[in-house]
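Shown next: my_file-v3.txt, given as compact mmCIF, C-alpha atoms.
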# COMPACT_ATOMS: atom_id res chain seq x y z
CA MET A 10 0.00 0.00 0.00
CA SER A 11 1.27 3.44 -0.92
CA ARG A 12 2.27 5.54 2.12
CA GLU A 13 3.63 8.84 0.82
CA THR A 14 1.76 10.92 3.42
CA ALA A 15 3.28 8.89 6.26
CA THR A 16 6.76 9.13 4.71
CA LEU A 17 6.48 12.94 4.56
CA ALA A 18 5.27 13.04 8.16
CA GLU A 19 8.21 10.92 9.29
CA TYR A 20 10.59 13.24 7.45
CA ALA A 21 9.07 16.35 9.02
CA VAL A 22 9.27 14.91 12.53
CA GLY A 23 12.80 13.58 12.11
CA LEU A 24 14.46 16.58 10.44
CA SER A 25 17.31 18.01 12.51
CA TYR A 26 18.69 21.53 12.25
CA ASP A 27 22.10 19.98 11.63
CA ASP A 28 20.66 18.23 8.55
CA ILE A 29 19.94 21.57 6.88
CA PRO A 30 22.66 23.11 4.66
CA THR A 31 23.79 26.63 5.57
CA ASP A 32 22.45 28.18 2.37
CA VAL A 33 19.04 26.57 2.99
CA VAL A 34 18.94 28.09 6.47
CA ALA A 35 19.74 31.46 4.91
CA ARG A 36 16.96 31.08 2.33
CA ALA A 37 14.48 30.10 5.02
CA LYS A 38 15.37 33.21 7.00
CA ASP A 39 15.07 35.37 3.86
CA CYS A 40 11.52 34.10 3.44
CA ILE A 41 10.62 34.79 7.07
CA ILE A 42 12.18 38.28 7.01
CA ASP A 43 10.47 39.19 3.75
CA THR A 44 7.12 37.85 4.96
CA VAL A 45 7.17 39.83 8.20
CA ALA A 46 7.90 42.96 6.16
CA VAL A 47 5.16 42.53 3.55
CA THR A 48 2.63 41.51 6.22
CA THR A 49 3.39 44.61 8.25
CA PHE A 50 3.00 46.81 5.17
CA SER A 51 -0.33 45.21 4.30
CA SER A 52 -1.70 45.47 7.83
CA SER A 53 -3.14 48.95 7.27
CA LEU A 54 -5.10 48.09 4.11
CA PRO A 55 -8.90 48.07 4.47
CA TRP A 56 -9.36 44.38 3.68
CA SER A 57 -6.52 43.47 6.04
CA ARG A 58 -8.12 45.46 8.84
CA THR A 59 -11.41 43.64 8.30
CA VAL A 60 -9.77 40.23 8.77
CA ALA A 61 -7.65 41.48 11.69
CA LYS A 62 -10.73 42.87 13.42
CA TYR A 63 -12.43 39.50 13.08
CA ALA A 64 -9.36 37.74 14.49
CA GLU A 65 -9.15 40.17 17.40
CA SER A 66 -12.80 39.64 18.32
CA THR A 67 -12.65 35.86 17.89
CA GLY A 68 -9.33 35.00 19.52
CA PRO A 69 -8.62 37.39 22.40
CA GLY A 70 -6.33 36.44 25.25
CA GLY A 71 -3.70 34.59 23.24
CA ARG A 72 0.07 35.01 23.05
CA SER A 73 0.50 35.35 19.27
CA THR A 74 0.90 38.71 17.55
CA ILE A 75 -1.10 40.18 14.68
CA LEU A 76 1.56 42.13 12.80
CA GLY A 77 1.19 45.88 12.36
CA PRO A 78 1.33 48.99 14.53
CA ASP A 79 -1.24 47.70 17.07
CA ARG A 80 0.56 44.37 17.66
CA THR A 81 -2.59 42.84 19.17
CA ARG A 82 -2.11 39.46 20.86
CA VAL A 83 -4.62 36.72 20.00
CA THR A 84 -4.74 32.94 19.89
CA ALA A 85 -2.36 31.23 17.47
CA PRO A 86 -5.01 30.16 14.92
CA MET A 87 -6.40 33.70 14.75
CA ALA A 88 -2.94 35.25 14.40
CA ALA A 89 -2.26 32.79 11.57
CA LEU A 90 -5.56 33.75 9.92
CA ALA A 91 -4.96 37.50 10.11
CA ASN A 92 -1.27 37.43 9.24
CA GLY A 93 -1.73 34.89 6.44
CA ALA A 94 -4.40 37.04 4.82
CA MET A 95 -2.32 40.19 5.28
CA ALA A 96 0.82 38.57 3.86
CA HIS A 97 -1.11 38.02 0.63
CA GLY A 98 -2.87 41.33 1.09
CA PHE A 99 -0.94 43.26 -1.54
CA GLU A 100 0.63 40.66 -3.85
CA MET A 101 4.12 40.94 -2.36
CA ASP A 102 4.53 37.62 -0.58
CA CYS A 103 7.11 35.08 -1.70
CA LEU A 104 6.46 31.83 -3.55
CA ARG A 105 8.26 28.96 -5.27
CA GLN A 106 10.01 29.25 -8.64
CA PRO A 107 9.07 27.56 -10.90
CA SER A 108 5.58 28.09 -9.53
CA VAL A 109 3.59 25.12 -8.31
CA GLY A 110 0.95 27.18 -6.52
CA ILE A 111 2.49 27.47 -3.05
CA HIS A 112 3.23 30.50 -0.86
CA ALA A 113 5.56 29.42 1.93
CA GLY A 114 5.65 32.81 3.64
CA ALA A 115 1.90 33.13 4.19
CA THR A 116 1.10 29.46 4.79
CA VAL A 117 4.26 28.17 6.50
CA ALA A 118 6.28 31.02 8.03
CA LEU A 119 3.36 32.92 9.56
CA PRO A 120 1.45 30.03 11.16
CA GLY A 121 4.83 28.82 12.41
CA LEU A 122 5.60 32.20 13.91
CA ALA A 123 2.19 32.27 15.62
CA VAL A 124 2.71 28.81 17.15
CA ALA A 125 6.33 29.58 18.08
CA GLU A 126 5.18 32.69 19.96
CA ASP A 127 2.45 30.73 21.69
CA LEU A 128 4.80 27.96 22.82
CA GLY A 129 7.95 30.03 23.42
CA ALA A 130 9.96 28.09 20.83
CA SER A 131 13.49 29.12 19.92
CA GLY A 132 14.55 30.67 16.63
CA LYS A 133 16.44 27.50 15.71
CA GLU A 134 13.30 25.43 16.30
CA LEU A 135 11.31 27.81 14.11
CA VAL A 136 13.84 27.65 11.26
CA THR A 137 13.93 23.85 11.41
CA ALA A 138 10.14 23.61 11.45
CA PHE A 139 9.91 26.05 8.55
CA VAL A 140 12.20 23.93 6.38
CA ALA A 141 10.23 20.80 7.30
CA GLY A 142 6.94 22.48 6.41
CA ASN A 143 8.19 23.99 3.18
CA GLU A 144 9.81 20.76 1.98
CA VAL A 145 6.51 18.93 2.44
CA LEU A 146 4.42 21.77 0.98
CA SER A 147 6.66 22.10 -2.08
CA ARG A 148 6.40 18.40 -2.87
CA VAL A 149 2.61 18.49 -2.65
CA GLY A 150 2.67 21.34 -5.16
CA LEU A 151 5.09 19.51 -7.43
CA ALA A 152 3.04 16.31 -7.34
CA GLY A 153 -0.09 18.24 -8.29
CA GLN A 154 1.62 19.55 -11.46
CA HIS A 155 0.04 22.97 -10.76
CA SER A 156 -3.17 21.66 -12.34
CA SER A 157 -5.62 22.78 -9.66
CA GLU A 158 -6.01 26.28 -11.06
CA GLN A 159 -7.03 24.88 -14.44
CA LEU A 160 -10.05 23.50 -12.58
CA GLY A 161 -10.88 26.82 -10.94
CA PHE A 162 -9.23 26.33 -7.54
CA HIS A 163 -6.78 28.83 -6.02
CA ALA A 164 -3.81 26.55 -5.42
CA PRO A 165 -2.35 28.12 -2.22
CA GLY A 166 -5.70 27.70 -0.52
CA LEU A 167 -5.54 23.99 -1.26
CA THR A 168 -1.90 23.22 -0.46
CA GLY A 169 -1.47 25.80 2.31
CA PRO A 170 -3.22 23.97 5.17
CA ILE A 171 -0.85 21.02 4.73
CA GLY A 172 2.31 23.15 4.98
CA SER A 173 0.82 25.02 7.92
CA ALA A 174 -0.08 21.78 9.69
CA VAL A 175 3.46 20.46 9.30
CA ILE A 176 5.22 23.51 10.73
CA ALA A 177 2.69 23.80 13.54
CA GLY A 178 2.85 20.09 14.30
CA ARG A 179 6.63 20.12 14.30
CA LEU A 180 6.70 23.00 16.81
CA MET A 181 4.09 21.20 18.94
CA GLY A 182 6.30 18.11 19.05
CA LEU A 183 3.93 15.71 17.29
CA ASP A 184 5.19 12.20 16.65
CA ALA A 185 5.00 10.72 13.14
CA GLY A 186 1.57 9.17 13.67
CA ARG A 187 0.00 12.39 14.90
CA MET A 188 1.76 14.40 12.21
CA THR A 189 0.21 12.08 9.62
CA CYS A 190 -3.18 12.75 11.20
CA ALA A 191 -2.52 16.51 11.19
CA MET A 192 -1.87 16.35 7.45
CA GLY A 193 -4.96 14.17 7.04
CA ILE A 194 -7.12 16.73 8.82
CA ALA A 195 -5.53 19.62 6.90
CA GLY A 196 -6.35 18.03 3.56
CA SER A 197 -10.05 18.26 4.39
CA LEU A 198 -9.64 21.98 5.10
CA SER A 199 -8.28 22.78 1.63
CA SER A 200 -10.37 25.42 -0.14
CA GLY A 201 -10.33 28.44 -2.44
CA LEU A 202 -12.10 29.26 -5.71
CA LEU A 203 -10.94 31.51 -8.55
CA GLU A 204 -14.43 32.73 -9.45
CA PHE A 205 -13.40 36.29 -8.55
CA ILE A 206 -11.46 36.31 -11.83
CA ARG A 207 -14.41 35.33 -13.99
CA SER A 208 -16.90 37.41 -12.00
CA GLY A 209 -14.71 40.50 -11.91
CA THR A 210 -15.94 41.05 -8.35
CA GLY A 211 -14.99 40.06 -4.82
CA GLY A 212 -11.23 39.97 -5.26
CA MET A 213 -10.70 40.42 -1.51
CA VAL A 214 -11.48 36.74 -1.08
CA LYS A 215 -8.18 35.87 -2.76
CA ARG A 216 -6.36 37.21 0.31
CA LEU A 217 -8.57 35.18 2.65
CA HIS A 218 -7.64 31.90 0.95
CA LEU A 219 -4.11 32.06 2.35
CA GLY A 220 -5.19 33.28 5.77
CA ARG A 221 -7.69 30.48 6.03
CA ALA A 222 -5.03 27.98 4.95
CA ALA A 223 -2.65 29.23 7.65
CA GLU A 224 -5.36 29.04 10.30
CA GLY A 225 -6.55 25.62 9.15
CA GLY A 226 -3.13 24.06 9.50
CA VAL A 227 -2.75 25.31 13.07
CA MET A 228 -6.18 23.93 13.91
CA ALA A 229 -5.35 20.59 12.25
CA ALA A 230 -2.11 20.20 14.20
CA SER A 231 -3.81 21.20 17.46
CA LEU A 232 -6.55 18.63 16.98
CA ALA A 233 -4.08 15.90 16.04
CA ARG A 234 -2.02 16.68 19.14
CA ASP A 235 -5.12 15.99 21.23
CA GLY A 236 -5.91 12.68 19.54
CA PHE A 237 -8.18 13.71 16.65
CA THR A 238 -7.54 11.59 13.56
CA GLY A 239 -7.39 12.14 9.81
CA PRO A 240 -6.85 9.80 6.85
CA GLU A 241 -3.34 8.39 6.58
CA THR A 242 -3.47 8.54 2.76
CA VAL A 243 -4.80 12.07 2.42
CA LEU A 244 -2.38 12.90 -0.41
CA GLU A 245 -2.13 9.72 -2.46
CA GLY A 246 -5.45 7.95 -1.77
CA GLU A 247 -8.25 7.34 -4.26
CA PHE A 248 -10.21 10.28 -2.83
CA GLY A 249 -7.11 12.08 -1.58
CA PHE A 250 -5.67 15.45 -2.48
CA LEU A 251 -3.95 14.53 -5.75
CA ASN A 252 -6.86 12.61 -7.22
CA VAL A 253 -9.54 15.12 -6.21
CA PHE A 254 -7.93 18.54 -6.63
CA CYS A 255 -5.52 17.79 -9.48
CA ARG A 256 -5.38 16.41 -12.99
CA ASN A 257 -2.64 14.00 -14.15
CA PRO A 258 -0.73 14.25 -10.87
CA ASP A 259 2.70 12.72 -10.34
CA PRO A 260 2.67 11.05 -6.89
CA SER A 261 6.36 10.16 -7.22
CA GLN A 262 7.16 13.84 -6.66
CA LEU A 263 5.86 13.61 -3.09
CA THR A 264 8.99 11.88 -1.85
CA LYS A 265 11.47 12.43 -4.69
CA GLY A 266 14.80 13.64 -3.31
CA LEU A 267 13.36 13.91 0.19
CA GLY A 268 16.21 14.73 2.57
CA ALA A 269 18.71 15.25 -0.25
CA ILE A 270 17.15 17.92 -2.47
CA PHE A 271 16.02 21.03 -0.56
CA GLU A 272 13.12 22.76 -2.25
CA THR A 273 13.59 25.71 0.10
CA ARG A 274 16.38 26.85 -2.25
CA ASN A 275 13.66 27.60 -4.84
CA ILE A 276 11.88 30.28 -2.81
CA CYS A 277 11.41 33.42 -4.90
CA LEU A 278 11.02 36.92 -3.43
CA LYS A 279 8.94 39.56 -5.17
CA ARG A 280 9.99 43.11 -6.06
CA PHE A 281 6.70 44.35 -7.52
CA SER A 282 3.26 44.40 -5.88
CA CYS A 283 1.55 42.31 -8.53
CA HIS A 284 0.88 38.72 -9.48
CA ILE A 285 4.06 36.78 -10.12
CA THR A 286 3.22 36.20 -13.80
CA ALA A 287 3.48 39.97 -14.33
CA HIS A 288 6.98 40.27 -12.89
CA THR A 289 8.89 39.45 -16.06
CA PRO A 290 6.80 41.73 -18.31
CA VAL A 291 7.16 44.54 -15.78
CA GLN A 292 10.92 43.91 -15.73
CA ALA A 293 10.92 43.99 -19.54
CA ILE A 294 9.15 47.37 -19.54
CA LEU A 295 11.72 48.82 -17.13
CA ASP A 296 14.56 47.46 -19.26
CA LEU A 297 13.06 48.87 -22.48
CA LYS A 298 12.56 52.32 -20.98
CA ALA A 299 16.16 52.35 -19.75
CA GLU A 300 17.55 51.13 -23.07
CA HIS A 301 15.53 53.33 -25.44
CA GLY A 302 14.69 56.39 -23.35
CA PHE A 303 10.98 56.66 -24.14
CA SER A 304 8.15 57.48 -21.73
CA GLY A 305 4.60 56.28 -21.37
CA ASP A 306 3.33 59.16 -23.47
CA ASP A 307 5.30 57.78 -26.44
CA VAL A 308 3.52 54.41 -26.37
CA GLU A 309 0.81 53.38 -28.81
CA SER A 310 0.27 49.81 -27.58
CA ILE A 311 1.86 46.92 -25.65
CA THR A 312 1.74 43.22 -26.49
CA VAL A 313 2.85 40.67 -23.91
CA HIS A 314 3.65 37.16 -25.10
CA GLY A 315 3.34 34.87 -22.10
CA SER A 316 2.17 31.54 -20.75
CA LYS A 317 -1.21 29.98 -21.37
CA LYS A 318 -2.17 30.83 -17.80
CA MET A 319 -1.27 34.47 -18.33
CA ALA A 320 -3.49 34.59 -21.41
CA THR A 321 -6.43 32.77 -19.81
CA HIS A 322 -6.32 34.10 -16.23
CA HIS A 323 -4.54 37.47 -16.35
CA ASP A 324 -5.67 39.18 -19.56
CA ILE A 325 -7.97 41.59 -17.74
CA ALA A 326 -8.68 44.77 -19.71
CA GLU A 327 -10.95 46.58 -17.24
CA PRO A 328 -10.02 45.62 -13.65
CA ALA A 329 -12.76 46.72 -11.28
CA ASP A 330 -10.66 47.00 -8.12
CA VAL A 331 -7.12 46.84 -6.75
CA MET A 332 -7.17 43.05 -6.40
CA LEU A 333 -8.13 42.43 -10.01
CA ALA A 334 -5.74 45.16 -11.16
CA GLN A 335 -2.80 43.42 -9.48
CA TYR A 336 -3.96 40.21 -11.17
CA SER A 337 -4.13 41.91 -14.59
CA THR A 338 -0.98 41.73 -16.72
CA ARG A 339 -2.27 44.61 -18.82
CA PHE A 340 -2.68 46.86 -15.79
CA CYS A 341 0.72 45.93 -14.37
CA VAL A 342 2.62 46.76 -17.56
CA ALA A 343 0.67 50.02 -17.81
CA VAL A 344 1.74 50.90 -14.27
CA ALA A 345 5.34 50.00 -15.12
CA MET A 346 5.17 52.28 -18.14
CA LEU A 347 3.63 55.28 -16.36
CA LYS A 348 4.73 54.94 -12.70
CA ASP A 349 7.41 53.32 -10.54
CA PRO A 350 6.49 49.64 -10.08
CA LEU A 351 9.07 49.25 -7.30
CA ASP A 352 6.87 51.54 -5.16
CA PRO A 353 3.95 49.44 -3.85
CA THR A 354 1.72 52.53 -3.69
CA SER A 355 1.85 52.62 -7.50
CA PHE A 356 -0.59 49.70 -7.48
CA MET A 357 -3.14 51.29 -5.17
CA GLU A 358 -6.61 52.67 -5.87
CA ALA A 359 -5.38 55.93 -7.39
CA SER A 360 -3.75 53.98 -10.22
CA VAL A 361 -6.85 51.87 -10.78
CA GLU A 362 -8.80 55.10 -11.24
CA ASP A 363 -6.07 56.82 -13.31
CA GLU A 364 -7.49 57.27 -16.81
CA ALA A 365 -4.07 57.30 -18.46
CA ILE A 366 -3.28 53.89 -16.94
CA ARG A 367 -6.72 52.54 -17.81
CA ASP A 368 -6.38 53.79 -21.37
CA LEU A 369 -3.00 52.09 -21.82
CA CYS A 370 -4.42 48.97 -20.20
CA ARG A 371 -7.09 48.89 -22.92
CA ARG A 372 -4.42 49.39 -25.59
CA SER A 373 -2.44 46.42 -24.32
CA ARG A 374 -3.01 42.74 -24.93
CA VAL A 375 -1.75 39.35 -23.75
CA VAL A 376 -1.20 36.50 -26.19
CA GLU A 377 -0.10 32.95 -25.54
CA ARG A 378 3.52 32.22 -26.30
CA THR A 379 3.89 29.01 -28.31
CA ASP A 380 7.67 28.69 -28.75
CA GLU A 381 9.54 25.93 -26.95
CA ALA A 382 11.37 28.27 -24.57
CA GLY A 383 8.06 29.72 -23.43
CA LYS A 384 6.76 26.26 -22.60
CA ASN A 385 9.85 25.37 -20.58
CA MET A 386 9.96 28.66 -18.65
CA PRO A 387 6.36 29.63 -17.80
CA TRP A 388 7.31 33.01 -16.31
CA ALA A 389 9.42 34.00 -19.32
CA THR A 390 7.86 36.66 -21.55
CA ILE A 391 8.48 38.69 -24.67
CA VAL A 392 7.15 42.25 -24.65
CA ASP A 393 6.56 44.33 -27.79
CA VAL A 394 6.05 48.07 -27.33
CA ALA A 395 4.69 49.92 -30.36
CA LEU A 396 5.67 53.59 -30.20
CA ARG A 397 3.72 56.48 -31.69
CA ASN A 398 6.61 57.26 -34.05
CA GLY A 399 6.07 53.93 -35.81
CA ARG A 400 8.91 52.01 -34.16
CA THR A 401 8.40 48.78 -32.24
CA VAL A 402 10.87 47.75 -29.55
CA THR A 403 11.04 44.25 -28.13
CA LYS A 404 12.46 42.71 -24.98
CA GLN A 405 12.63 39.14 -23.75
CA ALA A 406 12.63 38.74 -19.98
CA ASP A 407 13.30 35.33 -18.53
CA THR A 408 14.22 36.38 -14.98
CA PHE A 409 14.00 39.17 -12.44
CA MET A 410 15.84 39.94 -9.23
CA GLY A 411 14.43 37.80 -6.45
CA MET A 412 14.41 34.53 -8.38
CA PRO A 413 16.82 31.85 -7.11
CA VAL A 414 19.13 32.47 -10.08
CA ASP A 415 19.26 36.20 -9.23
CA PRO A 416 18.69 36.43 -5.47
CA VAL A 417 18.08 39.62 -3.54
CA SER A 418 21.15 40.61 -1.53
CA ARG A 419 21.03 40.92 2.24
CA GLU A 420 21.50 44.68 1.83
CA ASP A 421 18.52 44.93 -0.53
CA LEU A 422 16.42 42.70 1.71
CA SER A 423 17.28 44.84 4.74
CA ALA A 424 16.32 47.99 2.82
CA LYS A 425 13.05 46.39 1.74
CA PHE A 426 12.30 45.40 5.33
CA MET A 427 12.87 48.94 6.59
CA ARG A 428 10.83 50.46 3.75
CA LEU A 429 7.83 48.17 4.20
CA THR A 430 7.81 48.42 8.01
CA SER A 431 8.06 52.21 8.10
CA SER A 432 4.74 52.38 10.01
CA MET A 433 6.52 50.83 13.00
CA GLU A 434 8.77 52.52 15.55
CA PRO A 435 12.44 52.69 14.47
CA ASP A 436 13.50 50.76 17.58
CA TRP A 437 11.12 47.92 16.63
CA GLN A 438 12.31 47.93 13.03
CA ASN A 439 15.99 47.69 13.94
CA ARG A 440 15.53 45.13 16.71
CA VAL A 441 13.23 42.81 14.73
CA ARG A 442 15.29 43.04 11.55
CA ASP A 443 18.50 42.19 13.39
CA ALA A 444 16.84 39.34 15.29
CA LEU A 445 15.38 37.82 12.11
CA PHE A 446 18.71 37.96 10.30
CA ASP A 447 20.19 36.01 13.23
CA LEU A 448 17.08 33.93 13.89
CA GLU A 449 18.83 30.59 14.41
CA ASN A 450 20.58 32.09 17.44
CA TYR A 451 17.51 33.79 18.90
CA GLY A 452 16.08 32.46 22.15
CA ASP A 453 12.40 32.67 23.03
CA VAL A 454 10.41 33.75 19.94
CA SER A 455 7.55 34.96 22.17
CA SER A 456 9.60 38.13 22.83
CA LEU A 457 10.54 38.73 19.18
CA LEU A 458 7.66 40.90 18.01

Will you turn the file into structure tokens for me?
Amino acid sequence: MSRETATLAEYAVGLSYDDIPTDVVARAKDCIIDTVAVTTFSSSLPWSRTVAKYAESTGPGGRSTILGPDRTRVTAPMAALANGAMAHGFEMDCLRQPSVGIHAGATVALPGLAVAEDLGASGKELVTAFVAGNEVLSRVGLAGQHSSEQLGFHAPGLTGPIGSAVIAGRLMGLDAGRMTCAMGIAGSLSSGLLEFIRSGTGGMVKRLHLGRAAEGGVMAASLARDGFTGPETVLEGEFGFLNVFCRNPDPSQLTKGLGAIFETRNICLKRFSCHITAHTPVQAILDLKAEHGFSGDDVESITVHGSKKMATHHDIAEPADVMLAQYSTRFCVAVAMLKDPLDPTSFMEASVEDEAIRDLCRRSRVVERTDEAGKNMPWATIVDVALRNGRTVTKQADTFMGMPVDPVSREDLSAKFMRLTSSMEPDWQNRVRDALFDLENYGDVSSLL
């Protein structure tokens, strides 16, 4: 009988800090640092405040912190809910490259941080648990072949509870049997629909998918700790995750290279506040402007050649709100042409209502790229900019800074942290930044935030 779920649980329980290569520890910390920063920035947004208010009213009296200026303490599941939703609150949270529909910051780092605060775990314990959770989460995404979104599911809402359950269960000290049950429970909490794309309304729910995933994993691990059971074959079984939520899955990916190949190395940090599929076209726009010296006023039209998903999910000509705008490749390249895409405020409501941006958005289009390179590198794009003087300039963008092949430096990550946490007191910024950069040597995480 197949037992991939149990094998992953045994791995997660047995992983030692000393088993983790130094560069993997560094990448794990990068993800945690980046996630705390983007969550803090997003904490003041209206939809973030709505979720935080719910968490505050539902989980008072806990020891886990909702990030942001108020730093309210609530129960661990409610902190995971609020922080997970806020991490995804402005399209800046990290993910895996190549994408398999997972967001380790929102659905592993933040529920882990909430549980670590609650239990008084050490920084080294948190780092180890993060790697365990991300290695399991990544393999679930790989095995699913990123097919869930073709069916209308939002992938991080499906995979996220499993990664959250693993990091929470590891910090709670679950044995392999109870960890298997935690994953079994988490699989039944998977949820998230992409109807907001087709409807053109209700984009706030996209943020909630990741918050709910983070909360669900903490709940699953807590129940398993107390003896609640879940199916031992939740991933590989006939009615398990891969066979229900995915099409043509590859179960062998669940345990391939387990313990030898560290998927944590593939974490990708974002530079722009937009969906990851827009990052390479935005980079291409910046490169073209620098190379040819034109401005947005000189542009007649923009054509983006991208993946099938970009053409089917992200070709949104008239985004109705900020959420759909950040999901729209057309809108994102228009922002890159007319504003500074490195400034997250460039993607806020004022830009959605800016007629010049909306006009250029309508004069842009997204077409599916059919060449072999495009198939092998789904984020790679070719951008054609037709200028009013009759010229057309073209740029191919395969990468951007933040991808594993072009990582963000510690100096740039520190600057990003300080920029995105500017709503906090300088003493908090400096202390938390320094502690996170040295997280493996930090003592009681309950005092960190």

* Test item: which residues lie within 12 Å of (-15.6, 50.2, -12.3) counting only C-alpha atoms, as a PyMOL selection string -> chain A and resi 209-210+326-331+333-334+358+361-364+367

Expected file contents, prior selection, C-alpha atoms, as a JSON list (two decimals), keeping the file's coordinate frame:
[["chain", "number", "residue", "atom", "x", "y", "z"],
["A", 209, "GLY", "CA", -14.71, 40.50, -11.91],
["A", 210, "THR", "CA", -15.94, 41.05, -8.35],
["A", 326, "ALA", "CA", -8.68, 44.77, -19.71],
["A", 327, "GLU", "CA", -10.95, 46.58, -17.24],
["A", 328, "PRO", "CA", -10.02, 45.62, -13.65],
["A", 329, "ALA", "CA", -12.76, 46.72, -11.28],
["A", 330, "ASP", "CA", -10.66, 47.00, -8.12],
["A", 331, "VAL", "CA", -7.12, 46.84, -6.75],
["A", 333, "LEU", "CA", -8.13, 42.43, -10.01],
["A", 334, "ALA", "CA", -5.74, 45.16, -11.16],
["A", 358, "GLU", "CA", -6.61, 52.67, -5.87],
["A", 361, "VAL", "CA", -6.85, 51.87, -10.78],
["A", 362, "GLU", "CA", -8.80, 55.10, -11.24],
["A", 363, "ASP", "CA", -6.07, 56.82, -13.31],
["A", 364, "GLU", "CA", -7.49, 57.27, -16.81],
["A", 367, "ARG", "CA", -6.72, 52.54, -17.81]]

* **Separation of CA of Gly220 in chain A from CA of Ile176 in chain A in Å** => 15.1 Å

* **Pick from A:His97, A:Asn252, A:Arg148, A:Ser282, whichever lies nearest to Arg221 in chain A using all atoms listed in the file** =>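 Result for the nearest residue to Arg221 in chain A: A:His97.
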
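Ranking A:Arg58, A:Cys40, A:Asp436, A:Thr14 by their shortest atom-to-atom distance to Gly239 in chain A, with all atoms listed in the file included, puts A:Thr14 first.
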
* Asked: Near Thr16 in chain A, within 8 Å and counting all atoms listed in the file, which residues show up once chain neighbours fewer than 4 positions away are dropped, as a list of chain:residue names?
  ->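 In the requested form, the answer reads A:Arg12, A:Tyr20, A:Thr264.
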